[in-house]
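Student: Input: one structure, supplied below.
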Amino acid sequence: MSDEPVVLGIETSCDETGVGIVAGGRLLANTLASSADEHARYGGIVPEIASRAHLAEMLPTVKDACRSSGLALSDIDAVAVTSGPGLAGALLVGVAAAKGLALALDKPLYGVNHLSAHVAVDTLVSGPLPPNSVALLVSGGHSSLLHVRDVVDDIRPMGSTIDDAAGEAYDKVARLLGLPFPGGPPLDAAAADGDPAAIRFPRGLTAPKDQAAHRFDFSFSGLKTAVARWVEQARADGRPVPLADVAASFQEAVADVLVAKAVAACREVGADTLVIGGGVAANSRLRQLAEERCADRGIRLRIPPPDLCTDNGAMVAALGSLVVARGLPPSDARFGADPGMPVTLTVDP
Amino acid sequence: MILALDTSGPFVCVVVADEAGSVAVGATGRRPRAHAEEIAPLVSAATAGRGIDRVVVGRGPGSFTGLRVGLAFAQVWGWARALPVTGVCSLDAVAAQDGLVDGWVVTDARRGELFAARYNDGLRIGDPVVAPRAEIADTVAGERVVGDTHLLGDPDRRAVGTTVIDPAGLAVAAARQDPDPSLQPDYLRRPDVTVRADA
Ligand SMILES: [Zn+2]
């Protein structure tokens, strides 16, 4: 294996079929097929539809990634695949494909953690991560605050959502405002002309009484309910619903609580770097607020570009590349999908 | 030589056979529904030191999750080795292993339904179907039936347990040229629409 091992990464934990290829810290290919459009009419991810789409797209996506990398199959030194956390049936398609590829090429295979991969992908853009960082992962599937002492072998959970994921709150609020799924982009667009201070929506788990047990945890279900009640009341009163103000005020509540807790987490562990990943990281207000507050407190903020924040194969290849460089042993040939894989486990043993 | 895989039932079945359908080496998995866990070691052991010319994979009908594991694995393995990959109806393997010439193969489709395919002179007539047990029982009445016959509700029929595809049957089915060599899984059902984590 050369100094810059070539790692092909496969991601199928939710509704995106992703294949990425990384050589050392360089991204050579990042190919994606999505079944998001098929889920849109149901207002959420339908696991069986996602699994079927993964199978249909798997080989074409692998082929595309290889072609666009300009490499030959024989140049691949190792294969990495998301083994968890995620939807069991969806994960299994990627795991099976990765096993077929690794066995056919006689190369080592690493079953890796999807959350760690969301953090690792940032190293492709901004270089190695400082040894004491905090990561905030926010999407339709996750809302996690992580203490990242070492992305390869020392990630500790600090907090997570106790009910809905941040992205789910966006989807649900978008639906009650009559906006399409997924809710993030249309809400962000609607909020552009709104007043974020128009309505004071609740900030979940920020009261003094919550600090003992849930200091770094999130709760978005109360916020969603508050928005629903506010909209119902306006309709009952015969007032027009000010879409822009509701969207901006909702978005402000989400961004405020996410950034406040992430900054507090940095202070708690003495981290000087905050990484934000996941689909919600594309939200304009979250980015803006994070930039302001991190600058005020001397925290370096790292947010990968949107196409690397959402689920993709490059993140799996990036983590695989770091794991290979560290010399960790490959996964046992008998590993399977691990829908509840803890973030403390980077590579399936 | 042909590498054939089937993951439509509870166990992975792997066989390497010649073009006449004679088994060189075959194996069946040990743990039910552990397709993803067991497929690579089984294929690795079966293909070690053997030149493979083509790949055949069972496209069901059967377990949705199982089918996807077998199809994803076989497609990528075959592509990476620059080999042709084709699909075979999994019920053809059941017919072959039970020596069925004329009659029906039925297998458990769960939810009170059965998968069924009709055979005449050793060849399948049309595509497999899924239907309620009683309906299939009426259709196959009086004919030879193999597979999960205990689910037909006829006390005279022997209970044989859930059909396990064996290497010999898979080898015969794989060696034959399937009239539909596509790699489309035979789900035979539309996806269940259960939205994840929705309130
Ligand atoms: Zn994700």
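Ligands are numbered from 1 in the order shown, residues from 1 within each chain, and chains are lettered A, B, ... in the order they appear in the structure tokens.
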Excluding Val105 in chain B and its own-chain neighbours fewer than 6 positions away, which residues fall within 12 Å of it when counting only C-alpha atoms? Please give them as a ChimeraX atom specification.
Tutor: /B:61,89-99,114-120,122-125,127-130,136-137,139-140,143-149,152,163
Student: Keeping N, CA and C atoms, export the residues of the selection given above as a compact mmCIF listing (two decimals), in the first residue's frame.
Tutor:
# COMPACT_ATOMS: atom_id res chain seq x y z
N PRO B 61 -38.90 -15.27 -5.82
CA PRO B 61 -39.40 -14.47 -4.70
C PRO B 61 -38.96 -15.03 -3.35
N CYS B 89 -34.82 -17.55 -11.19
CA CYS B 89 -35.97 -17.63 -10.29
C CYS B 89 -35.65 -18.64 -9.18
N SER B 90 -35.76 -18.20 -7.93
CA SER B 90 -35.39 -19.09 -6.81
C SER B 90 -36.28 -20.33 -6.75
N LEU B 91 -37.51 -20.21 -7.22
CA LEU B 91 -38.41 -21.37 -7.17
C LEU B 91 -37.94 -22.47 -8.13
N ASP B 92 -37.18 -22.10 -9.17
CA ASP B 92 -36.63 -23.11 -10.08
C ASP B 92 -35.66 -24.03 -9.34
N ALA B 93 -34.95 -23.46 -8.37
CA ALA B 93 -34.01 -24.27 -7.58
C ALA B 93 -34.77 -25.26 -6.70
N VAL B 94 -35.89 -24.81 -6.16
CA VAL B 94 -36.72 -25.70 -5.33
C VAL B 94 -37.27 -26.83 -6.19
N ALA B 95 -37.75 -26.49 -7.39
CA ALA B 95 -38.29 -27.51 -8.29
C ALA B 95 -37.20 -28.54 -8.62
N ALA B 96 -35.99 -28.05 -8.90
CA ALA B 96 -34.91 -28.95 -9.29
C ALA B 96 -34.51 -29.86 -8.14
N GLN B 97 -34.42 -29.31 -6.93
CA GLN B 97 -33.94 -30.15 -5.83
C GLN B 97 -34.97 -31.20 -5.43
N ASP B 98 -36.23 -30.93 -5.72
CA ASP B 98 -37.26 -31.91 -5.40
C ASP B 98 -37.65 -32.76 -6.60
N GLY B 99 -36.91 -32.62 -7.69
CA GLY B 99 -37.16 -33.44 -8.87
C GLY B 99 -38.55 -33.23 -9.47
N LEU B 114 -48.82 -17.18 -0.11
CA LEU B 114 -47.81 -18.08 -0.65
C LEU B 114 -47.30 -17.54 -1.99
N PHE B 115 -46.02 -17.82 -2.27
CA PHE B 115 -45.49 -17.64 -3.62
C PHE B 115 -45.71 -18.96 -4.34
N ALA B 116 -46.03 -18.90 -5.61
CA ALA B 116 -46.26 -20.14 -6.35
C ALA B 116 -45.84 -20.01 -7.80
N ALA B 117 -45.33 -21.11 -8.35
CA ALA B 117 -45.02 -21.15 -9.79
C ALA B 117 -45.36 -22.55 -10.31
N ARG B 118 -45.82 -22.61 -11.54
CA ARG B 118 -46.24 -23.87 -12.15
C ARG B 118 -45.14 -24.39 -13.10
N TYR B 119 -44.96 -25.71 -13.10
CA TYR B 119 -43.94 -26.34 -13.93
C TYR B 119 -44.57 -27.41 -14.81
N ASN B 120 -44.05 -27.50 -16.03
CA ASN B 120 -44.56 -28.47 -16.99
C ASN B 120 -43.35 -29.02 -17.76
N GLY B 122 -40.74 -30.02 -16.56
CA GLY B 122 -39.51 -29.52 -15.92
C GLY B 122 -39.23 -28.05 -16.14
N LEU B 123 -40.11 -27.39 -16.89
CA LEU B 123 -39.88 -25.96 -17.14
C LEU B 123 -40.99 -25.12 -16.51
N ARG B 124 -40.59 -23.95 -16.00
CA ARG B 124 -41.57 -23.08 -15.37
C ARG B 124 -42.47 -22.44 -16.42
N ILE B 125 -43.76 -22.41 -16.11
CA ILE B 125 -44.74 -21.79 -17.01
C ILE B 125 -45.06 -20.42 -16.44
N ASP B 127 -44.46 -16.41 -14.89
CA ASP B 127 -43.78 -15.84 -13.73
C ASP B 127 -44.41 -16.33 -12.42
N PRO B 128 -43.63 -16.34 -11.34
CA PRO B 128 -44.23 -16.71 -10.05
C PRO B 128 -45.26 -15.67 -9.62
N VAL B 129 -46.19 -16.11 -8.77
CA VAL B 129 -47.25 -15.20 -8.28
C VAL B 129 -47.28 -15.25 -6.77
N VAL B 130 -47.94 -14.27 -6.16
CA VAL B 130 -48.20 -14.31 -4.72
C VAL B 130 -49.71 -14.22 -4.54
N ILE B 136 -54.26 -20.32 -3.41
CA ILE B 136 -53.23 -21.19 -3.99
C ILE B 136 -53.63 -22.66 -3.79
N ALA B 137 -54.17 -22.96 -2.60
CA ALA B 137 -54.57 -24.35 -2.32
C ALA B 137 -55.60 -24.83 -3.34
N THR B 139 -55.99 -23.69 -6.39
CA THR B 139 -55.36 -23.76 -7.71
C THR B 139 -54.55 -25.04 -7.89
N VAL B 140 -53.85 -25.44 -6.83
CA VAL B 140 -52.93 -26.57 -6.97
C VAL B 140 -53.58 -27.92 -6.63
N GLU B 143 -52.72 -31.67 -7.84
CA GLU B 143 -51.46 -31.75 -8.58
C GLU B 143 -50.30 -31.97 -7.62
N ARG B 144 -49.16 -32.35 -8.15
CA ARG B 144 -47.98 -32.53 -7.30
C ARG B 144 -47.49 -31.15 -6.87
N VAL B 145 -47.19 -31.02 -5.59
CA VAL B 145 -46.72 -29.74 -5.05
C VAL B 145 -45.48 -29.98 -4.20
N VAL B 146 -44.47 -29.14 -4.38
CA VAL B 146 -43.28 -29.22 -3.51
C VAL B 146 -43.05 -27.85 -2.88
N GLY B 147 -42.22 -27.83 -1.83
CA GLY B 147 -41.93 -26.58 -1.12
C GLY B 147 -42.60 -26.58 0.23
N ASP B 148 -43.18 -25.43 0.60
CA ASP B 148 -43.83 -25.30 1.92
C ASP B 148 -45.26 -25.82 1.86
N THR B 149 -45.38 -27.11 1.55
CA THR B 149 -46.71 -27.69 1.31
C THR B 149 -47.56 -27.74 2.58
N LEU B 152 -50.54 -25.30 2.94
CA LEU B 152 -51.71 -25.36 2.07
C LEU B 152 -52.98 -25.74 2.82
N THR B 163 -38.93 -24.05 3.34
CA THR B 163 -38.05 -24.53 2.29
C THR B 163 -36.64 -23.95 2.38
Student: What do you get as a ChimeraX atom specification if you pick all residues at most 10 Å from ligand 1, counting only C-alpha atoms and all ligand atoms?
Tutor: /A:11-16,85-86,114-118,137-143,277-279,309-312,315
Student: Set the cut-off to 9 Å and count only C-alpha atoms: what are the residues of chain A that reach chain B? Output as a PyMOL selection string.
Tutor: chain A and resi 39+42-49+51-52+54-56+58-59+62+73+89-90+92-105+164+168+172+333-337
Student: Could you list, as a ChimeraX atom specification, every residue within 12 Å of Gly313 in chain A, counting only C-alpha atoms and ignoring same-chain residues fewer than 3 positions away?
Tutor: /A:7-13,16-22,27-34,58,61-62,65,79-82,94,98,112,114,117-118,120-121,307-310,316-320
Student: List every residue of range 112-196 of chain B that DSSP, applied to the backbone, labels as strand (DSSP E), and write the result as a list in words.
Tutor: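 So, restricting range 112-196 of chain B to strand (DSSP E), we get Glu113, Leu114, Phe115, Ala116, Ala117, Arg118, Tyr119, Asn120, Leu123, Arg124, Ile125, Gly126, Asp127, Pro128, Val129, Val130, Ala131, Pro132, Val145, Val146 and Gly147 of chain B.
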Student: What residues in range 116-153 of chain B get the DSSP label alpha helix (DSSP H)? Please answer as an MDAnalysis selection string.
Tutor: chainID B and resid 133:140
Student: With distances taken over only C-alpha atoms, which residue among A:Ser83, A:Ser321, A:Thr123, A:Gln251 lies nearest Asp171 in chain A?
Tutor: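 Closest residue, counting only C-alpha atoms: A:Gln251.
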